[in-house]
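A.B. asks: This is target11.csv (CSV, C-alpha atoms and all ligand atoms).
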chain,number,residue,atom,x,y,z
A,1,MET,CA,0.0,0.0,0.0
A,2,ILE,CA,2.7,2.5,1.1
A,3,ASP,CA,4.8,1.5,-2.0
A,4,ARG,CA,1.8,2.2,-4.3
A,5,LEU,CA,1.3,5.7,-2.7
A,6,LEU,CA,5.0,6.5,-3.0
A,7,ASP,CA,5.0,5.3,-6.7
A,8,LEU,CA,2.0,7.6,-7.3
A,9,ARG,CA,3.8,10.5,-5.6
A,10,ASN,CA,6.9,9.9,-7.7
A,11,ARG,CA,4.9,9.7,-11.0
A,12,LEU,CA,3.3,13.1,-10.1
A,13,LEU,CA,6.6,14.7,-9.1
A,14,ALA,CA,8.3,13.5,-12.3
A,15,SER,CA,5.5,14.8,-14.6
A,16,PRO,CA,6.4,18.1,-16.2
A,17,ARG,CA,2.6,19.0,-16.3
A,18,PHE,CA,2.3,18.4,-12.6
A,19,GLN,CA,5.5,20.5,-12.0
A,20,ARG,CA,4.1,23.4,-14.0
A,21,TRP,CA,0.8,23.2,-12.1
A,22,ALA,CA,2.5,22.9,-8.6
A,23,VAL,CA,4.5,26.0,-9.2
A,24,ALA,CA,1.6,27.9,-10.6
A,25,PHE,CA,-0.9,27.0,-7.8
A,26,PRO,CA,-0.4,29.4,-4.9
A,27,LEU,CA,-0.9,26.7,-2.2
A,28,THR,CA,1.6,24.2,-3.6
A,29,ARG,CA,4.1,26.9,-4.9
A,30,PRO,CA,6.1,27.2,-1.7
A,31,ILE,CA,6.5,23.3,-1.6
A,32,ALA,CA,7.4,23.2,-5.3
A,33,ASN,CA,10.0,25.9,-4.8
A,34,ARG,CA,11.5,24.3,-1.7
A,35,ARG,CA,11.9,21.0,-3.6
A,36,ALA,CA,13.4,22.8,-6.6
A,37,ARG,CA,15.8,24.5,-4.3
A,38,ALA,CA,16.8,21.3,-2.6
A,39,LEU,CA,17.4,19.7,-6.0
A,40,PHE,CA,19.4,22.6,-7.2
A,41,ASP,CA,21.5,22.5,-4.0
A,42,LEU,CA,22.3,18.9,-4.6
A,43,CYS,CA,23.4,19.7,-8.2
A,44,ALA,CA,25.4,22.7,-7.1
A,45,GLY,CA,26.9,21.5,-3.8
A,46,PHE,CA,30.3,21.0,-5.3
A,47,VAL,CA,30.4,24.7,-6.4
A,48,TYR,CA,29.5,25.8,-2.9
A,49,SER,CA,32.3,23.7,-1.5
A,50,GLN,CA,34.8,25.2,-3.9
A,51,ILE,CA,33.7,28.7,-3.0
A,52,LEU,CA,34.3,27.8,0.7
A,53,LEU,CA,37.7,26.4,-0.2
A,54,ALA,CA,38.6,29.6,-1.9
A,55,CYS,CA,37.6,31.6,1.2
A,56,VAL,CA,39.7,29.3,3.4
A,57,LYS,CA,42.7,29.3,1.2
A,58,LEU,CA,42.7,33.0,0.9
A,59,ARG,CA,42.3,33.3,4.7
A,60,LEU,CA,39.2,35.5,4.1
A,61,PHE,CA,37.6,34.6,7.5
A,62,ASP,CA,40.8,35.4,9.4
A,63,ILE,CA,41.0,38.8,7.6
A,64,LEU,CA,37.4,39.6,8.3
A,65,SER,CA,37.8,38.6,12.0
A,66,GLU,CA,39.8,41.9,12.3
A,67,GLY,CA,36.5,43.7,11.5
A,68,PRO,CA,34.4,44.7,8.5
A,69,GLN,CA,36.3,45.9,5.5
A,70,THR,CA,35.7,47.5,2.1
A,71,LEU,CA,35.9,45.9,-1.2
A,72,ASP,CA,39.1,47.8,-2.1
A,73,THR,CA,40.8,46.8,1.1
A,74,LEU,CA,39.8,43.2,0.7
A,75,SER,CA,40.9,43.2,-3.0
A,76,ARG,CA,44.3,44.3,-1.9
A,77,ARG,CA,44.6,41.9,1.0
A,78,LEU,CA,43.4,38.9,-1.0
A,79,SER,CA,45.6,39.8,-4.0
A,80,LEU,CA,42.6,39.5,-6.3
A,81,SER,CA,41.2,42.0,-8.9
A,82,GLY,CA,38.3,44.1,-7.8
A,83,ASP,CA,35.9,42.1,-10.0
A,84,ALA,CA,37.1,38.8,-8.7
A,85,THR,CA,36.9,40.0,-5.1
A,86,ALA,CA,33.3,41.2,-5.7
A,87,ARG,CA,32.4,37.9,-7.2
A,88,LEU,CA,33.8,35.9,-4.3
A,89,LEU,CA,32.2,38.1,-1.7
A,90,THR,CA,28.8,38.1,-3.4
A,91,ALA,CA,28.9,34.3,-3.5
A,92,ALA,CA,30.1,34.1,0.1
A,93,VAL,CA,27.3,36.4,1.2
A,94,SER,CA,24.7,34.1,-0.5
A,95,LEU,CA,26.1,31.2,1.4
A,96,GLN,CA,26.0,33.1,4.7
A,97,LEU,CA,29.8,32.9,5.1
A,98,VAL,CA,30.1,36.7,4.8
A,99,ASP,CA,27.6,39.5,5.7
A,100,ARG,CA,27.1,42.9,4.0
A,101,ARG,CA,27.7,45.6,6.5
A,102,SER,CA,27.1,49.3,6.7
A,103,GLN,CA,29.2,51.7,4.5
A,104,GLU,CA,29.6,49.1,1.8
A,105,ARG,CA,31.8,47.0,3.9
A,106,PHE,CA,31.9,43.2,4.4
A,107,GLY,CA,32.1,41.3,7.7
A,108,LEU,CA,32.0,37.7,8.9
A,109,GLY,CA,28.7,36.0,8.3
A,110,PRO,CA,27.2,33.5,10.7
A,111,LEU,CA,28.7,30.4,9.0
A,112,GLY,CA,32.1,32.2,8.5
A,113,ALA,CA,32.2,33.1,12.2
A,114,ALA,CA,31.3,29.6,13.2
A,115,LEU,CA,34.1,28.2,11.1
A,116,LEU,CA,36.6,30.6,12.5
A,117,GLY,CA,35.9,29.3,16.0
A,118,ASN,CA,37.0,25.8,14.9
A,119,GLY,CA,40.4,25.5,13.2
A,120,GLY,CA,39.8,21.8,12.6
A,121,VAL,CA,37.1,22.5,10.1
A,122,ALA,CA,39.3,24.8,8.0
A,123,GLN,CA,41.9,22.1,7.9
A,124,MET,CA,39.3,19.6,6.9
A,125,ILE,CA,38.1,21.8,4.0
A,126,GLU,CA,41.6,22.0,2.6
A,127,HIS,CA,42.0,18.3,3.1
A,128,HIS,CA,38.9,17.8,0.9
A,129,THR,CA,40.9,18.6,-2.2
A,130,LEU,CA,42.1,15.0,-2.0
A,131,LEU,CA,38.5,13.6,-1.7
A,132,TYR,CA,37.4,16.0,-4.5
A,133,GLY,CA,40.0,14.5,-6.8
A,134,ASP,CA,39.0,10.9,-5.9
A,135,LEU,CA,35.3,11.6,-6.5
A,136,HIS,CA,35.7,13.0,-10.0
A,137,ASP,CA,34.4,9.8,-11.4
A,138,PRO,CA,32.0,8.4,-8.8
A,139,VAL,CA,30.8,5.5,-10.9
A,140,ALA,CA,34.4,4.3,-11.5
A,141,LEU,CA,34.9,4.5,-7.7
A,142,LEU,CA,31.8,2.4,-7.1
A,143,ARG,CA,32.6,-0.1,-9.9
A,144,GLU,CA,36.3,-0.5,-9.6
A,145,ALA,CA,37.0,0.4,-5.9
A,146,PRO,CA,40.5,1.5,-6.9
A,147,THR,CA,43.1,0.9,-4.2
A,148,ASP,CA,45.5,3.7,-5.2
A,149,THR,CA,43.5,6.8,-4.4
A,150,ALA,CA,44.7,10.1,-2.9
A,151,LEU,CA,42.8,9.3,0.3
A,152,SER,CA,44.3,5.8,0.6
A,153,ARG,CA,47.8,7.4,0.3
A,154,PHE,CA,46.9,10.0,2.9
A,155,TRP,CA,45.6,7.5,5.4
A,156,ALA,CA,48.7,5.3,5.0
A,157,TYR,CA,47.4,2.5,7.3
A,158,ALA,CA,44.4,2.0,5.1
A,159,GLY,CA,46.2,0.0,2.5
A,160,ALA,CA,49.2,-1.2,4.4
A,161,ASP,CA,49.7,-4.9,5.2
A,162,ARG,CA,52.0,-4.0,8.1
A,163,PRO,CA,50.8,-0.6,9.3
A,164,ASP,CA,52.9,-1.0,12.4
A,165,THR,CA,56.0,-0.5,10.2
A,166,LEU,CA,54.9,2.9,8.8
A,167,GLU,CA,57.4,5.7,9.3
A,168,THR,CA,56.8,9.1,10.8
A,169,ALA,CA,56.7,10.8,7.4
A,170,ARG,CA,53.7,8.6,6.4
A,171,ILE,CA,51.6,9.2,9.5
A,172,SER,CA,52.3,12.9,10.4
A,173,ASP,CA,49.8,14.6,8.0
A,174,TYR,CA,46.8,12.5,9.1
A,175,SER,CA,47.8,12.6,12.7
A,176,ALA,CA,47.9,16.4,12.6
A,177,LEU,CA,44.5,16.5,10.9
A,178,MET,CA,43.0,14.2,13.5
A,179,SER,CA,44.5,16.1,16.3
A,180,ALA,CA,43.2,19.4,15.0
A,181,SER,CA,39.6,18.1,14.7
A,182,GLN,CA,39.7,16.2,18.1
A,183,ALA,CA,39.0,19.1,20.5
A,184,LEU,CA,35.2,19.3,19.8
A,185,ILE,CA,34.9,15.5,19.8
A,186,ALA,CA,36.7,15.0,23.1
A,187,ASP,CA,34.7,17.7,24.7
A,188,ASP,CA,31.4,16.2,23.6
A,189,VAL,CA,32.3,12.6,24.5
A,190,LEU,CA,33.7,13.5,27.9
A,191,SER,CA,30.6,15.5,28.7
A,192,ALA,CA,28.3,12.7,27.6
A,193,TYR,CA,30.4,10.2,29.6
A,194,PRO,CA,32.6,11.9,32.3
A,195,LEU,CA,35.3,9.5,33.2
A,196,THR,CA,35.2,10.5,36.9
A,197,ARG,CA,34.3,7.0,38.1
A,198,HIS,CA,37.3,5.5,36.3
A,199,ARG,CA,41.0,5.3,37.3
A,200,SER,CA,42.7,4.2,34.1
A,201,LEU,CA,41.9,4.9,30.4
A,202,LEU,CA,43.3,3.1,27.4
A,203,ASP,CA,42.6,5.0,24.2
A,204,VAL,CA,43.0,2.4,21.4
A,205,GLY,CA,43.9,4.1,18.1
A,206,GLY,CA,44.3,7.3,20.2
A,207,GLY,CA,46.4,9.1,17.6
A,208,THR,CA,48.9,11.6,19.1
A,209,GLY,CA,47.0,11.7,22.3
A,210,ALA,CA,44.5,14.6,22.0
A,211,PHE,CA,41.6,12.6,23.5
A,212,ALA,CA,43.7,11.0,26.3
A,213,ILE,CA,45.3,14.4,27.2
A,214,ALA,CA,41.8,16.0,27.2
A,215,ALA,CA,40.5,13.2,29.5
A,216,ALA,CA,43.5,13.3,31.8
A,217,THR,CA,43.3,17.1,32.0
A,218,ARG,CA,39.6,16.9,33.0
A,219,VAL,CA,40.0,14.1,35.5
A,220,PRO,CA,43.1,14.9,37.5
A,221,GLU,CA,43.5,11.4,39.1
A,222,LEU,CA,43.0,9.5,35.8
A,223,ARG,CA,45.9,7.6,34.2
A,224,ALA,CA,45.8,7.4,30.5
A,225,THR,CA,47.5,5.2,27.9
A,226,VAL,CA,47.3,5.6,24.1
A,227,PHE,CA,47.8,2.6,21.9
A,228,ASP,CA,48.5,3.4,18.3
A,229,LEU,CA,51.0,2.6,15.5
A,230,PRO,CA,54.6,2.9,16.8
A,231,ALA,CA,55.3,6.1,14.9
A,232,VAL,CA,52.1,7.7,16.1
A,233,ALA,CA,52.6,6.6,19.7
A,234,GLU,CA,56.0,8.3,19.7
A,235,GLY,CA,54.2,11.5,18.7
A,236,ALA,CA,51.7,11.0,21.5
A,237,ARG,CA,54.4,10.6,24.1
A,238,ALA,CA,56.0,13.9,23.0
A,239,ARG,CA,52.6,15.7,23.3
A,240,MET,CA,52.0,14.2,26.7
A,241,ALA,CA,55.4,15.5,27.8
A,242,ASP,CA,54.6,19.0,26.4
A,243,ALA,CA,51.3,18.9,28.3
A,244,GLY,CA,53.3,18.1,31.5
A,245,ILE,CA,51.3,14.9,32.3
A,246,SER,CA,53.9,12.2,31.4
A,247,ASP,CA,53.7,11.0,35.0
A,248,ARG,CA,50.1,9.8,34.4
A,249,CYS,CA,50.0,9.3,30.7
A,250,THR,CA,52.0,7.2,28.2
A,251,ALA,CA,51.7,5.7,24.8
A,252,VAL,CA,52.5,2.2,23.5
A,253,GLY,CA,53.0,1.3,19.8
A,254,GLY,CA,51.7,-1.8,17.9
A,255,ASP,CA,48.9,-3.1,15.7
A,256,PHE,CA,45.6,-2.9,17.6
A,257,ARG,CA,44.2,-5.9,15.6
A,258,SER,CA,46.7,-8.4,16.7
A,259,ASP,CA,49.3,-7.1,19.3
A,260,PRO,CA,48.6,-7.5,23.0
A,261,LEU,CA,47.1,-4.3,24.4
A,262,PRO,CA,48.4,-2.7,27.6
A,263,GLU,CA,46.6,-4.3,30.6
A,264,GLY,CA,45.0,-2.7,33.6
A,265,ALA,CA,42.6,-0.1,32.2
A,266,ASP,CA,39.1,0.0,33.6
A,267,VAL,CA,37.8,1.9,30.6
A,268,ILE,CA,38.9,1.6,27.0
A,269,SER,CA,37.9,4.0,24.2
A,270,LEU,CA,37.7,3.7,20.5
A,271,VAL,CA,37.3,7.2,19.1
A,272,ARG,CA,36.7,7.4,15.3
A,273,ILE,CA,38.3,4.0,14.8
A,274,LEU,CA,35.8,1.3,13.8
A,275,HIS,CA,34.3,3.2,10.8
A,276,ASP,CA,37.5,3.2,8.9
A,277,HIS,CA,37.9,-0.6,9.1
A,278,ASN,CA,36.1,-3.4,7.3
A,279,ASP,CA,34.1,-5.8,9.5
A,280,ASP,CA,36.8,-8.4,9.9
A,281,ASP,CA,39.4,-5.9,11.1
A,282,ALA,CA,36.8,-4.1,13.3
A,283,LEU,CA,35.9,-7.4,14.9
A,284,ALA,CA,39.6,-8.2,15.4
A,285,VAL,CA,40.1,-4.9,17.3
A,286,LEU,CA,37.0,-5.5,19.4
A,287,LYS,CA,38.0,-9.0,20.3
A,288,ASN,CA,41.5,-7.9,21.2
A,289,ILE,CA,40.0,-5.3,23.5
A,290,ARG,CA,37.7,-7.8,25.0
A,291,ARG,CA,40.7,-10.1,25.8
A,292,THR,CA,42.3,-7.2,27.6
A,293,LEU,CA,39.3,-5.6,29.4
A,294,SER,CA,38.3,-7.0,32.8
A,295,ASP,CA,34.7,-8.3,33.2
A,296,HIS,CA,33.8,-5.1,35.1
A,297,GLY,CA,35.4,-2.8,32.6
A,298,THR,CA,33.7,-0.4,30.1
A,299,LEU,CA,34.2,0.2,26.4
A,300,LEU,CA,33.4,3.5,24.8
A,301,VAL,CA,32.8,3.6,21.0
A,302,ALA,CA,32.6,7.1,19.7
A,303,GLU,CA,32.1,7.9,16.0
A,304,PRO,CA,29.7,9.4,13.5
A,305,MET,CA,27.1,6.8,12.7
A,306,SER,CA,24.9,5.8,9.8
A,307,GLY,CA,21.2,6.7,10.1
A,308,THR,CA,21.7,9.5,12.6
A,309,GLN,CA,18.4,11.3,12.8
A,310,GLY,CA,18.7,14.7,11.3
A,311,ALA,CA,22.2,14.0,10.0
A,312,GLU,CA,21.5,11.1,7.6
A,313,PRO,CA,23.5,12.6,4.7
A,314,ILE,CA,26.6,13.1,7.0
A,315,GLY,CA,26.8,9.5,7.9
A,316,ASP,CA,25.5,7.8,4.8
A,317,ALA,CA,26.5,10.1,2.0
A,318,TYR,CA,29.6,11.9,3.3
A,319,PHE,CA,31.2,9.2,5.3
A,320,GLY,CA,29.9,6.5,3.0
A,321,PHE,CA,31.8,8.0,0.1
A,322,TYR,CA,34.7,9.3,2.0
A,323,LEU,CA,35.5,5.8,3.3
A,324,LEU,CA,34.8,4.3,-0.2
A,325,ALA,CA,37.5,6.7,-1.5
A,326,MET,CA,39.8,5.8,1.3
A,327,GLY,CA,39.4,2.1,0.3
A,328,ARG,CA,38.1,0.5,3.5
A,329,GLY,CA,35.5,0.9,6.2
A,330,ARG,CA,32.0,2.1,6.3
A,331,PRO,CA,29.7,4.1,8.5
A,332,ARG,CA,27.6,1.7,10.7
A,333,THR,CA,24.3,2.2,12.4
A,334,ALA,CA,24.3,2.0,16.2
A,335,GLU,CA,22.5,-1.4,15.8
A,336,GLU,CA,25.3,-2.7,13.5
A,337,LEU,CA,27.9,-1.6,15.9
A,338,GLY,CA,25.9,-3.3,18.7
A,339,GLU,CA,26.0,-6.5,16.7
A,340,LEU,CA,29.7,-6.3,16.2
A,341,LEU,CA,30.1,-5.7,19.9
A,342,ARG,CA,28.0,-8.7,20.7
A,343,MET,CA,30.0,-10.9,18.4
A,344,ALA,CA,33.2,-9.7,20.1
A,345,GLY,CA,31.9,-10.6,23.6
A,346,PHE,CA,30.2,-7.5,24.9
A,347,GLU,CA,26.7,-8.3,26.2
A,348,SER,CA,25.1,-4.9,26.8
A,349,SER,CA,25.5,-1.7,25.1
A,350,ARG,CA,23.7,1.6,25.5
A,351,GLN,CA,23.9,4.9,23.8
A,352,ALA,CA,24.9,8.0,25.7
A,353,ALA,CA,23.6,11.2,24.1
A,354,THR,CA,26.2,13.5,22.7
A,355,ARG,CA,25.5,17.2,22.0
A,356,ALA,CA,26.5,17.0,18.3
A,357,PRO,CA,25.4,13.6,17.1
A,358,LEU,CA,26.3,14.6,13.6
A,359,LEU,CA,30.0,14.6,14.5
A,360,THR,CA,30.0,11.8,17.0
A,361,ARG,CA,27.7,9.4,18.8
A,362,LEU,CA,28.6,7.3,21.8
A,363,ILE,CA,28.0,3.7,22.7
A,364,VAL,CA,28.9,2.5,26.2
A,365,ALA,CA,29.4,-1.3,26.2
A,366,LYS,CA,29.9,-3.8,29.0
A,367,PRO,CA,31.6,-7.2,28.5
A,368,ALA,CA,29.8,-10.5,28.8
A,369,GLY,CA,31.4,-12.7,31.4
A,370,LYS,CA,34.4,-14.7,30.1
B,1,LIG,C1,40.9,8.1,12.2
B,1,LIG,S1,42.3,8.1,13.2
B,1,LIG,C2,41.5,8.5,14.8
B,1,LIG,C3,42.5,9.0,15.8
B,1,LIG,C4,41.9,9.4,17.1
B,1,LIG,N1,41.2,8.3,17.8
B,1,LIG,C5,41.0,10.6,16.9
B,1,LIG,O1,39.8,10.4,17.0
B,1,LIG,O2,41.5,11.7,16.7
B,1,LIG,C6,42.6,6.4,13.3
B,1,LIG,C7,43.8,6.1,14.2
B,1,LIG,O3,44.0,4.7,14.2
B,1,LIG,C8,45.3,4.3,14.1
B,1,LIG,N2,45.4,3.0,13.5
B,1,LIG,C9,45.0,2.6,12.3
B,1,LIG,N3,45.2,1.3,12.1
B,1,LIG,C10,45.9,0.9,13.2
B,1,LIG,C11,46.4,-0.4,13.6
B,1,LIG,N4,46.3,-1.5,12.8
B,1,LIG,N5,46.9,-0.5,14.8
B,1,LIG,C12,47.1,0.6,15.6
B,1,LIG,N6,46.6,1.8,15.3
B,1,LIG,C13,46.0,1.9,14.1
B,1,LIG,C14,45.9,5.4,13.2
B,1,LIG,O4,47.3,5.5,13.3
B,1,LIG,C15,45.1,6.6,13.7
B,1,LIG,O5,45.8,7.3,14.7
Could you spell out this file's structure in structure tokens?
C.D. replies:
Amino acid sequence: MIDRLLDLRNRLLASPRFQRWAVAFPLTRPIANRRARALFDLCAGFVYSQILLACVKLRLFDILSEGPQTLDTLSRRLSLSGDATARLLTAAVSLQLVDRRSQERFGLGPLGAALLGNGGVAQMIEHHTLLYGDLHDPVALLREAPTDTALSRFWAYAGADRPDTLETARISDYSALMSASQALIADDVLSAYPLTRHRSLLDVGGGTGAFAIAAATRVPELRATVFDLPAVAEGARARMADAGISDRCTAVGGDFRSDPLPEGADVISLVRILHDHNDDDALAVLKNIRRTLSDHGTLLVAEPMSGTQGAEPIGDAYFGFYLLAMGRGRPRTAEELGELLRMAGFESSRQAATRAPLLTRLIVAKPAGK
């Protein structure tokens, strides 16, 4: 029955006659125009992204953070002709990145201002040039699943048989990107699940330590260990020393799928890890964690998830295709993650609400008895 109704709706929506009628009739006109706009935005999304990239590369938001400025000043500061500056600013105004201000000046718009407050997003936008290249023929990407993509080279562990042998030069760019985008995530996860009842955290795949350092800074008695590839763990130890918390925090190197994990933690975290691994590797990590974690321990799984209400395109379209280009992994629903957890020996899992579920959601899992 529902299928028949949906088919009828689609036949109507696809009919040029219906479309003409819907836009002419005053009561359906707003709906028809909203739908036309949504479709246009889908067609033109890549143009909007490239305008944003131009703003970021030209450091327009940093320049505007000094205060509203005239077209002439901006033209000089951006090293663009007057015409090109006007074109960029007009486009940026339409995208709410920039606002028109009094005396023919331009200032930060609401989205430009929001972006300025989060350096990680600007780095991500520049990083997207790699994804943009990999997506130029999306059908080939779907059909051939090429292994030599720009993203698979960037995320060096993605295609490596022995990721634990990767040298610093291969891990430093992705580690810096992850670290820059970790602050918001850590704050959200640690607010949703304060670690105050725990004494020892093991952050598996913890990168150069941003999450572990944030946790240990919030909870002064907490000990924290990062487990990551050897070259990454070395970077984590250096950052922990810089943060002055080496007495409570350390990092150990190895392959989290197969090497023994450090013992003794009563809470283990996996932040943005499982989604970039296929099921067999994800299961191997979870089983490895289960072997290490005591029966009374807790596992936290934090990542963006498929089917997140209100953020469906972020999990399913963005991460779906990002991970396709990277060559492994997929976004999973909370239920799919729950199933993997069950297969790895965790019996109960619940979700803890995060503030920004579009960036990360959180599952708190407890082991089944051994
Ligand atoms: C997407 S990053 C996430 C880093 C960090 N948890 C965060 O959210 O910022 C994935 C991390 O997993 C690590 N990793 C990938 N494969 C690994 C493996 N087989 N063994 C150990 N670490 C691995 C990478 O080095 C990287 O630091």
A.B. asks: For Asn278 of chain A, which residue out of A:Gln50, A:Pro331, A:Glu312, A:Ala236 is the nearest one, using all atoms listed in the file?
C.D. replies: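 Distance minimum relative to Asn278 of chain A lands on A:Pro331.
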A.B. asks: With only C-alpha atoms and all ligand atoms as the basis for distance, which of A:Thr354, A:Ser200, A:Asn288, A:Thr333 is at the shortest distance from ligand LIG 1 (chain B)?
C.D. replies: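 So, comparing all the options, the nearest one is A:Asn288.
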A.B. asks: Choose the residue, out of A:Gly159, A:Pro262, A:Pro220, A:Gly253, that has the smallest atom-to-atom separation from Leu202 of chain A; count all atoms listed in the file.
C.D. replies: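 Among A:Gly159, A:Pro262, A:Pro220, A:Gly253, it is A:Pro262 that comes nearest to Leu202 of chain A.
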A.B. asks: Could you list, as a PyMOL selection string, all protein and nucleic acid residues with an atom at most 7 Å from ligand LIG 1 (chain B), counting only C-alpha atoms and all ligand atoms?
C.D. replies: chain A and resi 157+163-164+171+175+178-179+181-182+205-208+210-211+227-229+232+254-257+270-273+276
A.B. asks: Can those selected residues be exported to a file as an mmCIF file, in the coordinates of the input so that it contains C-alpha atoms?
C.D. replies:
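again_27.cif written:
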data_model
loop_
_atom_site.group_PDB
_atom_site.id
_atom_site.type_symbol
_atom_site.label_atom_id
_atom_site.label_comp_id
_atom_site.auth_asym_id
_atom_site.auth_seq_id
_atom_site.Cartn_x
_atom_site.Cartn_y
_atom_site.Cartn_z
ATOM 1 C CA TYR A 157 47.400 2.500 7.300
ATOM 2 C CA PRO A 163 50.800 -0.600 9.300
ATOM 3 C CA ASP A 164 52.900 -1.000 12.400
ATOM 4 C CA ILE A 171 51.600 9.200 9.500
ATOM 5 C CA SER A 175 47.800 12.600 12.700
ATOM 6 C CA MET A 178 43.000 14.200 13.500
ATOM 7 C CA SER A 179 44.500 16.100 16.300
ATOM 8 C CA SER A 181 39.600 18.100 14.700
ATOM 9 C CA GLN A 182 39.700 16.200 18.100
ATOM 10 C CA GLY A 205 43.900 4.100 18.100
ATOM 11 C CA GLY A 206 44.300 7.300 20.200
ATOM 12 C CA GLY A 207 46.400 9.100 17.600
ATOM 13 C CA THR A 208 48.900 11.600 19.100
ATOM 14 C CA ALA A 210 44.500 14.600 22.000
ATOM 15 C CA PHE A 211 41.600 12.600 23.500
ATOM 16 C CA PHE A 227 47.800 2.600 21.900
ATOM 17 C CA ASP A 228 48.500 3.400 18.300
ATOM 18 C CA LEU A 229 51.000 2.600 15.500
ATOM 19 C CA VAL A 232 52.100 7.700 16.100
ATOM 20 C CA GLY A 254 51.700 -1.800 17.900
ATOM 21 C CA ASP A 255 48.900 -3.100 15.700
ATOM 22 C CA PHE A 256 45.600 -2.900 17.600
ATOM 23 C CA ARG A 257 44.200 -5.900 15.600
ATOM 24 C CA LEU A 270 37.700 3.700 20.500
ATOM 25 C CA VAL A 271 37.300 7.200 19.100
ATOM 26 C CA ARG A 272 36.700 7.400 15.300
ATOM 27 C CA ILE A 273 38.300 4.000 14.800
ATOM 28 C CA ASP A 276 37.500 3.200 8.900
#
A.B. asks: Given only C-alpha atoms as the basis, pick out the residue of A:Gly338, A:Pro357, A:Pro367, A:Gly112 nearest to Asp266 of chain A.
C.D. replies: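 Looking at the shortest contact to Asp266 of chain A, the residue is A:Pro367.
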A.B. asks: Show which residues sit within 12 Å of Arg355 of chain A, as an MDAnalysis selection string. Count all atoms listed in the file, and ignore same-chain residues fewer than 5 positions away.
C.D. replies: chainID A and resid 184:193 360:362
